[in-house]
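> Pasting query-v7.cif below, which is mmCIF, N, CA, C and O atoms.
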data_upload
#
loop_
_atom_site.label_atom_id
_atom_site.label_comp_id
_atom_site.auth_asym_id
_atom_site.auth_seq_id
_atom_site.Cartn_x
_atom_site.Cartn_y
_atom_site.Cartn_z
N MET A 1 -25.96 -60.77 52.70
CA MET A 1 -26.43 -59.63 51.96
C MET A 1 -26.65 -60.01 50.50
O MET A 1 -25.89 -60.74 49.93
N TRP A 2 -27.69 -59.44 49.97
CA TRP A 2 -28.02 -59.76 48.58
C TRP A 2 -27.26 -58.82 47.67
O TRP A 2 -27.30 -57.61 47.80
N ARG A 3 -26.54 -59.35 46.68
CA ARG A 3 -25.76 -58.54 45.76
C ARG A 3 -26.59 -58.25 44.51
O ARG A 3 -27.16 -59.14 43.92
N PHE A 4 -26.60 -56.97 44.18
CA PHE A 4 -27.35 -56.53 43.01
C PHE A 4 -26.49 -56.76 41.77
O PHE A 4 -25.38 -56.26 41.69
N PRO A 5 -26.97 -57.50 40.80
CA PRO A 5 -26.14 -57.77 39.62
C PRO A 5 -25.84 -56.49 38.84
O PRO A 5 -26.71 -55.64 38.67
N LEU A 6 -24.63 -56.40 38.39
CA LEU A 6 -24.18 -55.22 37.67
C LEU A 6 -24.95 -55.02 36.37
O LEU A 6 -25.31 -53.91 36.01
N TRP A 7 -25.23 -56.07 35.67
CA TRP A 7 -25.93 -55.95 34.40
C TRP A 7 -27.35 -55.45 34.59
O TRP A 7 -27.87 -54.74 33.73
N VAL A 8 -27.98 -55.71 35.70
CA VAL A 8 -29.31 -55.19 35.97
C VAL A 8 -29.23 -53.68 36.19
O VAL A 8 -30.07 -52.92 35.69
N ALA A 9 -28.23 -53.24 36.90
CA ALA A 9 -28.05 -51.81 37.14
C ALA A 9 -27.82 -51.06 35.82
O ALA A 9 -28.36 -49.97 35.60
N ILE A 10 -27.05 -51.66 34.93
CA ILE A 10 -26.78 -51.03 33.64
C ILE A 10 -28.06 -50.95 32.83
O ILE A 10 -28.35 -49.92 32.21
N LEU A 11 -28.86 -51.99 32.83
CA LEU A 11 -30.11 -51.98 32.08
C LEU A 11 -31.09 -50.95 32.64
O LEU A 11 -31.85 -50.33 31.89
N ILE A 12 -31.07 -50.73 33.93
CA ILE A 12 -31.98 -49.76 34.54
C ILE A 12 -31.52 -48.34 34.27
O ILE A 12 -32.32 -47.46 33.97
N LEU A 13 -30.21 -48.10 34.36
CA LEU A 13 -29.69 -46.75 34.22
C LEU A 13 -29.64 -46.26 32.77
O LEU A 13 -29.76 -45.07 32.51
N ILE A 14 -29.45 -47.15 31.83
CA ILE A 14 -29.37 -46.76 30.43
C ILE A 14 -30.64 -47.23 29.73
O ILE A 14 -30.79 -48.41 29.44
N PRO A 15 -31.55 -46.33 29.47
CA PRO A 15 -32.78 -46.73 28.80
C PRO A 15 -32.51 -47.19 27.37
O PRO A 15 -31.61 -46.70 26.70
N ALA A 16 -33.26 -48.13 26.93
CA ALA A 16 -33.06 -48.71 25.61
C ALA A 16 -33.42 -47.74 24.50
O ALA A 16 -32.96 -47.86 23.37
N GLY A 17 -34.21 -46.73 24.78
CA GLY A 17 -34.67 -45.81 23.75
C GLY A 17 -33.70 -44.71 23.41
O GLY A 17 -33.96 -43.92 22.50
N VAL A 18 -32.56 -44.59 24.10
CA VAL A 18 -31.62 -43.51 23.84
C VAL A 18 -31.09 -43.60 22.41
O VAL A 18 -31.05 -42.61 21.69
N GLY A 19 -30.69 -44.75 21.98
CA GLY A 19 -30.18 -44.92 20.63
C GLY A 19 -31.23 -44.64 19.58
O GLY A 19 -30.97 -44.07 18.54
N ALA A 20 -32.47 -45.04 19.85
CA ALA A 20 -33.55 -44.82 18.89
C ALA A 20 -33.87 -43.33 18.78
O ALA A 20 -34.21 -42.85 17.70
N GLN A 21 -33.76 -42.60 19.87
CA GLN A 21 -34.07 -41.17 19.84
C GLN A 21 -33.07 -40.41 18.99
O GLN A 21 -33.44 -39.50 18.25
N THR A 22 -31.81 -40.75 19.04
CA THR A 22 -30.81 -40.03 18.26
C THR A 22 -30.93 -40.36 16.78
O THR A 22 -30.64 -39.52 15.94
N ARG A 23 -31.37 -41.53 16.44
CA ARG A 23 -31.53 -41.89 15.04
C ARG A 23 -32.74 -41.21 14.41
O ARG A 23 -32.74 -40.92 13.24
N ASN A 24 -33.78 -40.94 15.17
CA ASN A 24 -35.00 -40.35 14.64
C ASN A 24 -35.00 -38.82 14.71
O ASN A 24 -35.98 -38.20 14.34
N ARG A 25 -33.95 -38.21 15.20
CA ARG A 25 -33.88 -36.77 15.36
C ARG A 25 -33.82 -36.09 13.99
O ARG A 25 -33.10 -36.52 13.10
N GLN A 26 -34.58 -35.01 13.82
CA GLN A 26 -34.60 -34.27 12.57
C GLN A 26 -33.31 -33.47 12.42
O GLN A 26 -32.82 -32.88 13.36
N VAL A 27 -32.78 -33.42 11.21
CA VAL A 27 -31.59 -32.63 10.92
C VAL A 27 -32.06 -31.29 10.38
O VAL A 27 -32.88 -31.23 9.45
N PRO A 28 -31.59 -30.19 10.95
CA PRO A 28 -32.00 -28.87 10.45
C PRO A 28 -31.63 -28.71 8.98
O PRO A 28 -30.57 -29.15 8.55
N PRO A 29 -32.50 -28.05 8.20
CA PRO A 29 -32.22 -27.93 6.76
C PRO A 29 -30.94 -27.15 6.46
O PRO A 29 -30.26 -27.42 5.49
N GLY A 30 -30.58 -26.18 7.29
CA GLY A 30 -29.36 -25.43 7.06
C GLY A 30 -28.12 -26.28 7.18
O GLY A 30 -27.13 -26.06 6.49
N LEU A 31 -28.16 -27.27 8.08
CA LEU A 31 -27.01 -28.14 8.27
C LEU A 31 -26.77 -29.01 7.05
O LEU A 31 -25.64 -29.20 6.61
N VAL A 32 -27.84 -29.51 6.46
CA VAL A 32 -27.70 -30.34 5.27
C VAL A 32 -27.13 -29.51 4.12
O VAL A 32 -26.23 -29.94 3.40
N GLU A 33 -27.63 -28.27 3.96
CA GLU A 33 -27.14 -27.40 2.90
C GLU A 33 -25.68 -27.02 3.12
O GLU A 33 -24.89 -26.99 2.18
N ALA A 34 -25.31 -26.76 4.36
CA ALA A 34 -23.93 -26.40 4.66
C ALA A 34 -22.98 -27.56 4.36
O ALA A 34 -21.90 -27.36 3.79
N GLU A 35 -23.37 -28.77 4.72
CA GLU A 35 -22.53 -29.94 4.42
C GLU A 35 -22.38 -30.11 2.92
O GLU A 35 -21.30 -30.43 2.42
N HIS A 36 -23.46 -29.87 2.18
CA HIS A 36 -23.40 -29.98 0.73
C HIS A 36 -22.43 -28.95 0.15
O HIS A 36 -21.64 -29.27 -0.75
N GLN A 37 -22.47 -27.71 0.65
CA GLN A 37 -21.57 -26.67 0.15
C GLN A 37 -20.13 -26.98 0.48
O GLN A 37 -19.23 -26.77 -0.34
N ILE A 38 -19.89 -27.47 1.68
CA ILE A 38 -18.52 -27.81 2.08
C ILE A 38 -17.97 -28.91 1.19
O ILE A 38 -16.84 -28.85 0.73
N ASN A 39 -18.79 -29.94 0.94
CA ASN A 39 -18.34 -31.05 0.10
C ASN A 39 -18.11 -30.61 -1.33
O ASN A 39 -17.16 -31.05 -1.97
N SER A 40 -18.94 -29.71 -1.86
CA SER A 40 -18.75 -29.26 -3.24
C SER A 40 -17.55 -28.34 -3.34
O SER A 40 -16.87 -28.31 -4.37
N GLN A 41 -17.25 -27.57 -2.30
CA GLN A 41 -16.09 -26.67 -2.34
C GLN A 41 -14.79 -27.46 -2.27
O GLN A 41 -13.80 -27.08 -2.87
N SER A 42 -14.78 -28.54 -1.51
CA SER A 42 -13.54 -29.29 -1.37
C SER A 42 -13.17 -29.96 -2.68
O SER A 42 -12.00 -30.26 -2.92
N GLN A 43 -14.13 -30.17 -3.56
CA GLN A 43 -13.83 -30.79 -4.84
C GLN A 43 -13.34 -29.77 -5.85
O GLN A 43 -12.59 -30.10 -6.76
N SER A 44 -13.76 -28.50 -5.74
CA SER A 44 -13.37 -27.48 -6.70
C SER A 44 -12.63 -26.36 -5.99
O SER A 44 -13.16 -25.29 -5.77
N VAL A 45 -11.39 -26.60 -5.65
CA VAL A 45 -10.57 -25.61 -4.95
C VAL A 45 -10.02 -24.63 -5.98
O VAL A 45 -9.47 -25.02 -7.01
N GLU A 46 -10.20 -23.35 -5.70
CA GLU A 46 -9.72 -22.32 -6.61
C GLU A 46 -8.22 -22.09 -6.40
O GLU A 46 -7.73 -22.19 -5.28
N PRO A 47 -7.51 -21.77 -7.45
CA PRO A 47 -6.09 -21.47 -7.28
C PRO A 47 -5.93 -20.16 -6.53
O PRO A 47 -6.82 -19.31 -6.56
N PRO A 48 -4.82 -19.97 -5.83
CA PRO A 48 -4.62 -18.73 -5.09
C PRO A 48 -4.56 -17.54 -6.04
O PRO A 48 -4.15 -17.66 -7.19
N MET A 49 -4.99 -16.39 -5.50
CA MET A 49 -4.99 -15.18 -6.32
C MET A 49 -3.55 -14.76 -6.61
O MET A 49 -2.66 -14.90 -5.77
N GLU A 50 -3.37 -14.23 -7.80
CA GLU A 50 -2.04 -13.75 -8.16
C GLU A 50 -1.79 -12.41 -7.48
O GLU A 50 -2.69 -11.62 -7.28
N ARG A 51 -0.56 -12.21 -7.13
CA ARG A 51 -0.17 -10.96 -6.48
C ARG A 51 -0.12 -9.85 -7.51
O ARG A 51 0.49 -10.00 -8.57
N ARG A 52 -0.79 -8.74 -7.19
CA ARG A 52 -0.77 -7.61 -8.11
C ARG A 52 0.38 -6.68 -7.71
O ARG A 52 0.61 -6.43 -6.54
N ASN A 53 1.03 -6.19 -8.70
CA ASN A 53 2.10 -5.22 -8.44
C ASN A 53 1.47 -3.84 -8.34
O ASN A 53 1.00 -3.29 -9.33
N ARG A 54 1.46 -3.31 -7.12
CA ARG A 54 0.90 -1.97 -6.92
C ARG A 54 1.99 -0.94 -7.15
O ARG A 54 3.15 -1.16 -6.81
N GLN A 55 1.58 0.17 -7.70
CA GLN A 55 2.50 1.27 -7.88
C GLN A 55 2.40 2.18 -6.65
O GLN A 55 1.32 2.61 -6.27
N ILE A 56 3.53 2.42 -6.02
CA ILE A 56 3.57 3.28 -4.85
C ILE A 56 3.84 4.71 -5.31
O ILE A 56 4.78 4.95 -6.09
N ASN A 57 3.03 5.62 -4.85
CA ASN A 57 3.24 7.04 -5.14
C ASN A 57 4.35 7.52 -4.20
O ASN A 57 4.12 7.84 -3.04
N VAL A 58 5.56 7.55 -4.73
CA VAL A 58 6.74 7.83 -3.92
C VAL A 58 6.69 9.22 -3.32
O VAL A 58 7.03 9.42 -2.14
N GLU A 59 6.27 10.20 -4.09
CA GLU A 59 6.22 11.57 -3.57
C GLU A 59 5.24 11.70 -2.41
O GLU A 59 5.54 12.33 -1.40
N GLN A 60 4.08 11.08 -2.55
CA GLN A 60 3.08 11.15 -1.48
C GLN A 60 3.59 10.45 -0.23
O GLN A 60 3.43 10.93 0.89
N VAL A 61 4.24 9.29 -0.41
CA VAL A 61 4.78 8.55 0.73
C VAL A 61 5.85 9.38 1.43
O VAL A 61 5.89 9.44 2.67
N LYS A 62 6.71 10.04 0.67
CA LYS A 62 7.75 10.87 1.27
C LYS A 62 7.14 12.04 2.05
O LYS A 62 7.59 12.36 3.15
N GLN A 63 6.12 12.68 1.48
CA GLN A 63 5.47 13.80 2.16
C GLN A 63 4.80 13.34 3.45
O GLN A 63 4.92 14.01 4.49
N GLU A 64 4.13 12.20 3.38
CA GLU A 64 3.46 11.69 4.59
C GLU A 64 4.48 11.27 5.65
O GLU A 64 4.25 11.48 6.84
N ALA A 65 5.58 10.69 5.23
CA ALA A 65 6.62 10.30 6.18
C ALA A 65 7.23 11.54 6.85
O ALA A 65 7.50 11.53 8.05
N GLU A 66 7.42 12.59 6.07
CA GLU A 66 7.97 13.84 6.64
C GLU A 66 6.97 14.46 7.62
O GLU A 66 7.35 14.93 8.69
N GLU A 67 5.69 14.46 7.27
CA GLU A 67 4.68 15.00 8.18
C GLU A 67 4.61 14.16 9.46
O GLU A 67 4.51 14.69 10.57
N LEU A 68 4.71 12.84 9.30
CA LEU A 68 4.70 11.95 10.47
C LEU A 68 5.89 12.23 11.37
O LEU A 68 5.75 12.32 12.59
N ARG A 69 7.06 12.42 10.78
CA ARG A 69 8.26 12.74 11.57
C ARG A 69 8.10 14.06 12.31
O ARG A 69 8.40 14.18 13.49
N ARG A 70 7.56 15.06 11.62
CA ARG A 70 7.38 16.38 12.23
C ARG A 70 6.40 16.30 13.41
O ARG A 70 6.66 16.86 14.48
N LEU A 71 5.29 15.60 13.20
CA LEU A 71 4.31 15.47 14.28
C LEU A 71 4.87 14.66 15.45
O LEU A 71 4.66 15.01 16.62
N ALA A 72 5.58 13.59 15.14
CA ALA A 72 6.14 12.75 16.19
C ALA A 72 7.22 13.47 16.99
O ALA A 72 7.36 13.24 18.20
N ASP A 73 7.97 14.34 16.35
CA ASP A 73 9.01 15.09 17.06
C ASP A 73 8.40 16.04 18.09
O ASP A 73 9.04 16.36 19.10
N GLY A 74 7.20 16.51 17.86
CA GLY A 74 6.57 17.44 18.79
C GLY A 74 5.87 16.79 19.96
O GLY A 74 5.53 17.46 20.95
N VAL A 75 5.68 15.48 19.91
CA VAL A 75 4.92 14.79 20.97
C VAL A 75 5.63 14.83 22.32
O VAL A 75 4.99 15.11 23.34
N PRO A 76 6.93 14.59 22.43
CA PRO A 76 7.56 14.62 23.76
C PRO A 76 7.38 15.96 24.49
O PRO A 76 7.13 15.98 25.70
N ALA A 77 7.49 17.06 23.77
CA ALA A 77 7.30 18.37 24.41
C ALA A 77 5.86 18.53 24.88
O ALA A 77 5.61 19.08 25.97
N GLN A 78 4.90 18.05 24.09
CA GLN A 78 3.50 18.14 24.49
C GLN A 78 3.21 17.25 25.69
O GLN A 78 2.45 17.62 26.59
N ILE A 79 3.83 16.09 25.74
CA ILE A 79 3.65 15.20 26.89
C ILE A 79 4.26 15.83 28.14
O ILE A 79 3.72 15.70 29.25
N GLN A 80 5.37 16.53 27.98
CA GLN A 80 5.97 17.23 29.11
C GLN A 80 5.01 18.27 29.66
O GLN A 80 4.89 18.45 30.87
N GLN A 81 4.30 18.95 28.78
CA GLN A 81 3.30 19.92 29.23
C GLN A 81 2.17 19.23 29.99
O GLN A 81 1.65 19.77 30.97
N VAL A 82 1.80 18.03 29.54
CA VAL A 82 0.73 17.29 30.23
C VAL A 82 1.18 16.94 31.64
O VAL A 82 0.39 17.02 32.59
N THR A 83 2.45 16.58 31.81
CA THR A 83 2.94 16.24 33.16
C THR A 83 2.97 17.47 34.06
O THR A 83 2.96 17.35 35.28
N ASN A 84 2.99 18.67 33.46
CA ASN A 84 2.95 19.91 34.23
C ASN A 84 1.51 20.44 34.36
O ASN A 84 1.31 21.63 34.60
N ASN A 85 0.54 19.55 34.13
CA ASN A 85 -0.88 19.89 34.24
C ASN A 85 -1.32 20.93 33.22
O ASN A 85 -2.21 21.74 33.48
N GLN A 86 -0.70 20.94 32.07
CA GLN A 86 -1.10 21.81 30.97
C GLN A 86 -1.43 20.91 29.78
O GLN A 86 -0.58 20.16 29.31
N LEU A 87 -2.66 20.98 29.30
CA LEU A 87 -3.07 20.13 28.18
C LEU A 87 -3.04 20.94 26.88
O LEU A 87 -3.85 21.84 26.71
N PRO A 88 -2.09 20.62 25.99
CA PRO A 88 -2.07 21.31 24.70
C PRO A 88 -3.35 20.98 23.92
O PRO A 88 -3.78 19.83 23.88
N LYS A 89 -3.95 22.01 23.30
CA LYS A 89 -5.24 21.78 22.65
C LYS A 89 -5.13 20.92 21.40
O LYS A 89 -6.07 20.26 21.02
N ASP A 90 -3.98 20.87 20.77
CA ASP A 90 -3.85 20.09 19.54
C ASP A 90 -3.19 18.72 19.75
O ASP A 90 -2.93 18.02 18.79
N LEU A 91 -2.94 18.32 20.98
CA LEU A 91 -2.30 17.03 21.25
C LEU A 91 -3.15 15.88 20.72
O LEU A 91 -2.66 15.00 20.01
N SER A 92 -4.43 15.89 21.03
CA SER A 92 -5.30 14.81 20.59
C SER A 92 -5.37 14.75 19.06
O SER A 92 -5.29 13.66 18.48
N ASP A 93 -5.50 15.90 18.42
CA ASP A 93 -5.54 15.94 16.96
C ASP A 93 -4.24 15.45 16.34
O ASP A 93 -4.24 14.71 15.35
N ASN A 94 -3.12 15.84 16.94
CA ASN A 94 -1.82 15.39 16.44
C ASN A 94 -1.66 13.88 16.56
O ASN A 94 -1.17 13.22 15.63
N LEU A 95 -2.07 13.32 17.68
CA LEU A 95 -1.96 11.88 17.87
C LEU A 95 -2.85 11.12 16.90
O LEU A 95 -2.47 10.07 16.36
N LYS A 96 -4.06 11.65 16.65
CA LYS A 96 -4.94 11.01 15.67
C LYS A 96 -4.34 11.07 14.28
O LYS A 96 -4.41 10.11 13.51
N ARG A 97 -3.74 12.20 13.93
CA ARG A 97 -3.13 12.35 12.62
C ARG A 97 -1.93 11.42 12.48
O ARG A 97 -1.71 10.81 11.43
N ILE A 98 -1.14 11.28 13.54
CA ILE A 98 0.00 10.35 13.53
C ILE A 98 -0.49 8.93 13.27
O ILE A 98 0.07 8.20 12.45
N GLU A 99 -1.56 8.56 13.97
CA GLU A 99 -2.10 7.22 13.79
C GLU A 99 -2.59 7.00 12.36
O GLU A 99 -2.31 5.96 11.74
N LYS A 100 -3.29 7.98 11.81
CA LYS A 100 -3.81 7.87 10.45
C LYS A 100 -2.67 7.76 9.44
O LYS A 100 -2.71 6.92 8.52
N LEU A 101 -1.65 8.61 9.59
CA LEU A 101 -0.51 8.56 8.69
C LEU A 101 0.23 7.22 8.78
O LEU A 101 0.63 6.65 7.75
N ALA A 102 0.41 6.74 10.00
CA ALA A 102 1.13 5.48 10.18
C ALA A 102 0.37 4.32 9.52
O ALA A 102 0.97 3.46 8.86
N LYS A 103 -0.95 4.29 9.69
CA LYS A 103 -1.75 3.23 9.06
C LYS A 103 -1.66 3.31 7.54
O LYS A 103 -1.53 2.28 6.87
N HIS A 104 -1.75 4.52 7.01
CA HIS A 104 -1.70 4.66 5.56
C HIS A 104 -0.34 4.27 5.01
O HIS A 104 -0.24 3.56 4.00
N LEU A 105 0.72 4.70 5.67
CA LEU A 105 2.07 4.34 5.22
C LEU A 105 2.29 2.84 5.29
O LEU A 105 2.89 2.24 4.39
N ARG A 106 1.80 2.22 6.36
CA ARG A 106 1.94 0.77 6.50
C ARG A 106 1.23 0.05 5.36
O ARG A 106 1.75 -0.90 4.78
N SER A 107 0.03 0.51 5.02
CA SER A 107 -0.71 -0.15 3.93
C SER A 107 -0.05 0.07 2.58
O SER A 107 -0.18 -0.76 1.68
N GLU A 108 0.66 1.18 2.41
CA GLU A 108 1.34 1.44 1.15
C GLU A 108 2.60 0.61 0.96
O GLU A 108 2.87 0.16 -0.15
N VAL A 109 3.33 0.38 2.02
CA VAL A 109 4.64 -0.29 1.85
C VAL A 109 4.61 -1.78 2.10
O VAL A 109 5.54 -2.48 1.71
N THR A 110 3.56 -2.30 2.73
CA THR A 110 3.49 -3.74 2.95
C THR A 110 2.66 -4.38 1.85
O THR A 110 1.72 -3.79 1.34
N PRO A 111 3.02 -5.61 1.47
CA PRO A 111 2.29 -6.28 0.37
C PRO A 111 0.88 -6.64 0.73
O PRO A 111 0.44 -6.78 1.77
#
Kindly present the structure from the file in structure tokens form.

Amino acid sequence: MWRFPLWVAILILIPAGVGAQTRNRQVPPGLVEAEHQINSQSQSVEPPMERRNRQINVEQVKQEAEELRRLADGVPAQIQQVTNNQLPKDLSDNLKRIEKLAKHLRSEVTP
């Protein structure tokens, strides 16, 4: 049996022009600009922003926390009504208000 040389198979399967095609490929203009911006940014790194001391409106936070507590205390009774096939008309509004108050309070007390 005639054995096919391995190097001939490699030369046939890998065309010689593959390397030339990748070298002659056009680079999109956005890519060149992006690389330039990345390189210029890495040389001029800005210092981190200083933390600002925010003043918390204590009275407003207390009022919102009290309203949140009042609304949250009423939810179990309303859910009990839902399990009895009775939908309280203000349940959805109360839950939305609880969510809004919780988000606002979280943003006020966290840095």
> Where in stretch 30-96 of chain A does DSSP assign alpha helix (DSSP H), given as a compact mmCIF listing (two decimals) with N, CA, C and O atoms, in the coordinates of the input?

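Result file is part_12.txt:
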# COMPACT_ATOMS: atom_id res chain seq x y z
N GLY A 30 -30.58 -26.18 7.29
CA GLY A 30 -29.36 -25.43 7.06
C GLY A 30 -28.12 -26.28 7.18
O GLY A 30 -27.13 -26.06 6.49
N LEU A 31 -28.16 -27.27 8.08
CA LEU A 31 -27.01 -28.14 8.27
C LEU A 31 -26.77 -29.01 7.05
O LEU A 31 -25.64 -29.20 6.61
N VAL A 32 -27.84 -29.51 6.46
CA VAL A 32 -27.70 -30.34 5.27
C VAL A 32 -27.13 -29.51 4.12
O VAL A 32 -26.23 -29.94 3.40
N GLU A 33 -27.63 -28.27 3.96
CA GLU A 33 -27.14 -27.40 2.90
C GLU A 33 -25.68 -27.02 3.12
O GLU A 33 -24.89 -26.99 2.18
N ALA A 34 -25.31 -26.76 4.36
CA ALA A 34 -23.93 -26.40 4.66
C ALA A 34 -22.98 -27.56 4.36
O ALA A 34 -21.90 -27.36 3.79
N GLU A 35 -23.37 -28.77 4.72
CA GLU A 35 -22.53 -29.94 4.42
C GLU A 35 -22.38 -30.11 2.92
O GLU A 35 -21.30 -30.43 2.42
N HIS A 36 -23.46 -29.87 2.18
CA HIS A 36 -23.40 -29.98 0.73
C HIS A 36 -22.43 -28.95 0.15
O HIS A 36 -21.64 -29.27 -0.75
N GLN A 37 -22.47 -27.71 0.65
CA GLN A 37 -21.57 -26.67 0.15
C GLN A 37 -20.13 -26.98 0.48
O GLN A 37 -19.23 -26.77 -0.34
N ILE A 38 -19.89 -27.47 1.68
CA ILE A 38 -18.52 -27.81 2.08
C ILE A 38 -17.97 -28.91 1.19
O ILE A 38 -16.84 -28.85 0.73
N ASN A 39 -18.79 -29.94 0.94
CA ASN A 39 -18.34 -31.05 0.10
C ASN A 39 -18.11 -30.61 -1.33
O ASN A 39 -17.16 -31.05 -1.97
N SER A 40 -18.94 -29.71 -1.86
CA SER A 40 -18.75 -29.26 -3.24
C SER A 40 -17.55 -28.34 -3.34
O SER A 40 -16.87 -28.31 -4.37
N GLN A 41 -17.25 -27.57 -2.30
CA GLN A 41 -16.09 -26.67 -2.34
C GLN A 41 -14.79 -27.46 -2.27
O GLN A 41 -13.80 -27.08 -2.87
N SER A 42 -14.78 -28.54 -1.51
CA SER A 42 -13.54 -29.29 -1.37
C SER A 42 -13.17 -29.96 -2.68
O SER A 42 -12.00 -30.26 -2.92
N GLN A 43 -14.13 -30.17 -3.56
CA GLN A 43 -13.83 -30.79 -4.84
C GLN A 43 -13.34 -29.77 -5.85
O GLN A 43 -12.59 -30.10 -6.76
N VAL A 58 5.56 7.55 -4.73
CA VAL A 58 6.74 7.83 -3.92
C VAL A 58 6.69 9.22 -3.32
O VAL A 58 7.03 9.42 -2.14
N GLU A 59 6.27 10.20 -4.09
CA GLU A 59 6.22 11.57 -3.57
C GLU A 59 5.24 11.70 -2.41
O GLU A 59 5.54 12.33 -1.40
N GLN A 60 4.08 11.08 -2.55
CA GLN A 60 3.08 11.15 -1.48
C GLN A 60 3.59 10.45 -0.23
O GLN A 60 3.43 10.93 0.89
N VAL A 61 4.24 9.29 -0.41
CA VAL A 61 4.78 8.55 0.73
C VAL A 61 5.85 9.38 1.43
O VAL A 61 5.89 9.44 2.67
N LYS A 62 6.71 10.04 0.67
CA LYS A 62 7.75 10.87 1.27
C LYS A 62 7.14 12.04 2.05
O LYS A 62 7.59 12.36 3.15
N GLN A 63 6.12 12.68 1.48
CA GLN A 63 5.47 13.80 2.16
C GLN A 63 4.80 13.34 3.45
O GLN A 63 4.92 14.01 4.49
N GLU A 64 4.13 12.20 3.38
CA GLU A 64 3.46 11.69 4.59
C GLU A 64 4.48 11.27 5.65
O GLU A 64 4.25 11.48 6.84
N ALA A 65 5.58 10.69 5.23
CA ALA A 65 6.62 10.30 6.18
C ALA A 65 7.23 11.54 6.85
O ALA A 65 7.50 11.53 8.05
N GLU A 66 7.42 12.59 6.07
CA GLU A 66 7.97 13.84 6.64
C GLU A 66 6.97 14.46 7.62
O GLU A 66 7.35 14.93 8.69
N GLU A 67 5.69 14.46 7.27
CA GLU A 67 4.68 15.00 8.18
C GLU A 67 4.61 14.16 9.46
O GLU A 67 4.51 14.69 10.57
N LEU A 68 4.71 12.84 9.30
CA LEU A 68 4.70 11.95 10.47
C LEU A 68 5.89 12.23 11.37
O LEU A 68 5.75 12.32 12.59
N ARG A 69 7.06 12.42 10.78
CA ARG A 69 8.26 12.74 11.57
C ARG A 69 8.10 14.06 12.31
O ARG A 69 8.40 14.18 13.49
N ARG A 70 7.56 15.06 11.62
CA ARG A 70 7.38 16.38 12.23
C ARG A 70 6.40 16.30 13.41
O ARG A 70 6.66 16.86 14.48
N LEU A 71 5.29 15.60 13.20
CA LEU A 71 4.31 15.47 14.28
C LEU A 71 4.87 14.66 15.45
O LEU A 71 4.66 15.01 16.62
N ALA A 72 5.58 13.59 15.14
CA ALA A 72 6.14 12.75 16.19
C ALA A 72 7.22 13.47 16.99
O ALA A 72 7.36 13.24 18.20
N ASP A 73 7.97 14.34 16.35
CA ASP A 73 9.01 15.09 17.06
C ASP A 73 8.40 16.04 18.09
O ASP A 73 9.04 16.36 19.10
N GLY A 74 7.20 16.51 17.86
CA GLY A 74 6.57 17.44 18.79
C GLY A 74 5.87 16.79 19.96
O GLY A 74 5.53 17.46 20.95
N VAL A 75 5.68 15.48 19.91
CA VAL A 75 4.92 14.79 20.97
C VAL A 75 5.63 14.83 22.32
O VAL A 75 4.99 15.11 23.34
N PRO A 76 6.93 14.59 22.43
CA PRO A 76 7.56 14.62 23.76
C PRO A 76 7.38 15.96 24.49
O PRO A 76 7.13 15.98 25.70
N ALA A 77 7.49 17.06 23.77
CA ALA A 77 7.30 18.37 24.41
C ALA A 77 5.86 18.53 24.88
O ALA A 77 5.61 19.08 25.97
N GLN A 78 4.90 18.05 24.09
CA GLN A 78 3.50 18.14 24.49
C GLN A 78 3.21 17.25 25.69
O GLN A 78 2.45 17.62 26.59
N ILE A 79 3.83 16.09 25.74
CA ILE A 79 3.65 15.20 26.89
C ILE A 79 4.26 15.83 28.14
O ILE A 79 3.72 15.70 29.25
N GLN A 80 5.37 16.53 27.98
CA GLN A 80 5.97 17.23 29.11
C GLN A 80 5.01 18.27 29.66
O GLN A 80 4.89 18.45 30.87
N GLN A 81 4.30 18.95 28.78
CA GLN A 81 3.30 19.92 29.23
C GLN A 81 2.17 19.23 29.99
O GLN A 81 1.65 19.77 30.97
N VAL A 82 1.80 18.03 29.54
CA VAL A 82 0.73 17.29 30.23
C VAL A 82 1.18 16.94 31.64
O VAL A 82 0.39 17.02 32.59
N THR A 83 2.45 16.58 31.81
CA THR A 83 2.94 16.24 33.16
C THR A 83 2.97 17.47 34.06
O THR A 83 2.96 17.35 35.28
N LEU A 91 -2.94 18.32 20.98
CA LEU A 91 -2.30 17.03 21.25
C LEU A 91 -3.15 15.88 20.72
O LEU A 91 -2.66 15.00 20.01
N SER A 92 -4.43 15.89 21.03
CA SER A 92 -5.30 14.81 20.59
C SER A 92 -5.37 14.75 19.06
O SER A 92 -5.29 13.66 18.48
N ASP A 93 -5.50 15.90 18.42
CA ASP A 93 -5.54 15.94 16.96
C ASP A 93 -4.24 15.45 16.34
O ASP A 93 -4.24 14.71 15.35
N ASN A 94 -3.12 15.84 16.94
CA ASN A 94 -1.82 15.39 16.44
C ASN A 94 -1.66 13.88 16.56
O ASN A 94 -1.17 13.22 15.63
N LEU A 95 -2.07 13.32 17.68
CA LEU A 95 -1.96 11.88 17.87
C LEU A 95 -2.85 11.12 16.90
O LEU A 95 -2.47 10.07 16.36
N LYS A 96 -4.06 11.65 16.65
CA LYS A 96 -4.94 11.01 15.67
C LYS A 96 -4.34 11.07 14.28
O LYS A 96 -4.41 10.11 13.51
> Go ahead and compute the interatomic distance for atom C of A:Arg97 and atom CA of A:Gln60, in Å to one decimal.
14.8 Å
> If you measure from atom C of A:Val75 to atom CA of A:Glu99, what distance in Å do you get, rounded to one decimal?
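Answer for the atom C of A:Val75 to atom CA of A:Glu99 separation: 13.8 Å.
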> Give me the residues near stretch 82-94 of chain A as a PyMOL selection string, where near means some atom within 8 Å (using only N, CA, C and O atoms) and where sequence neighbours in that chain fewer than 5 positions away do not count.
chain A and resi 67-68+71-72+74-77+99-101
> Calculate how many Å separate atom CA of A:Ile56 from atom CA of A:Arg70, rounding to one decimal.
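Between atom CA of A:Ile56 and atom CA of A:Arg70 the gap works out to 21.9 Å.
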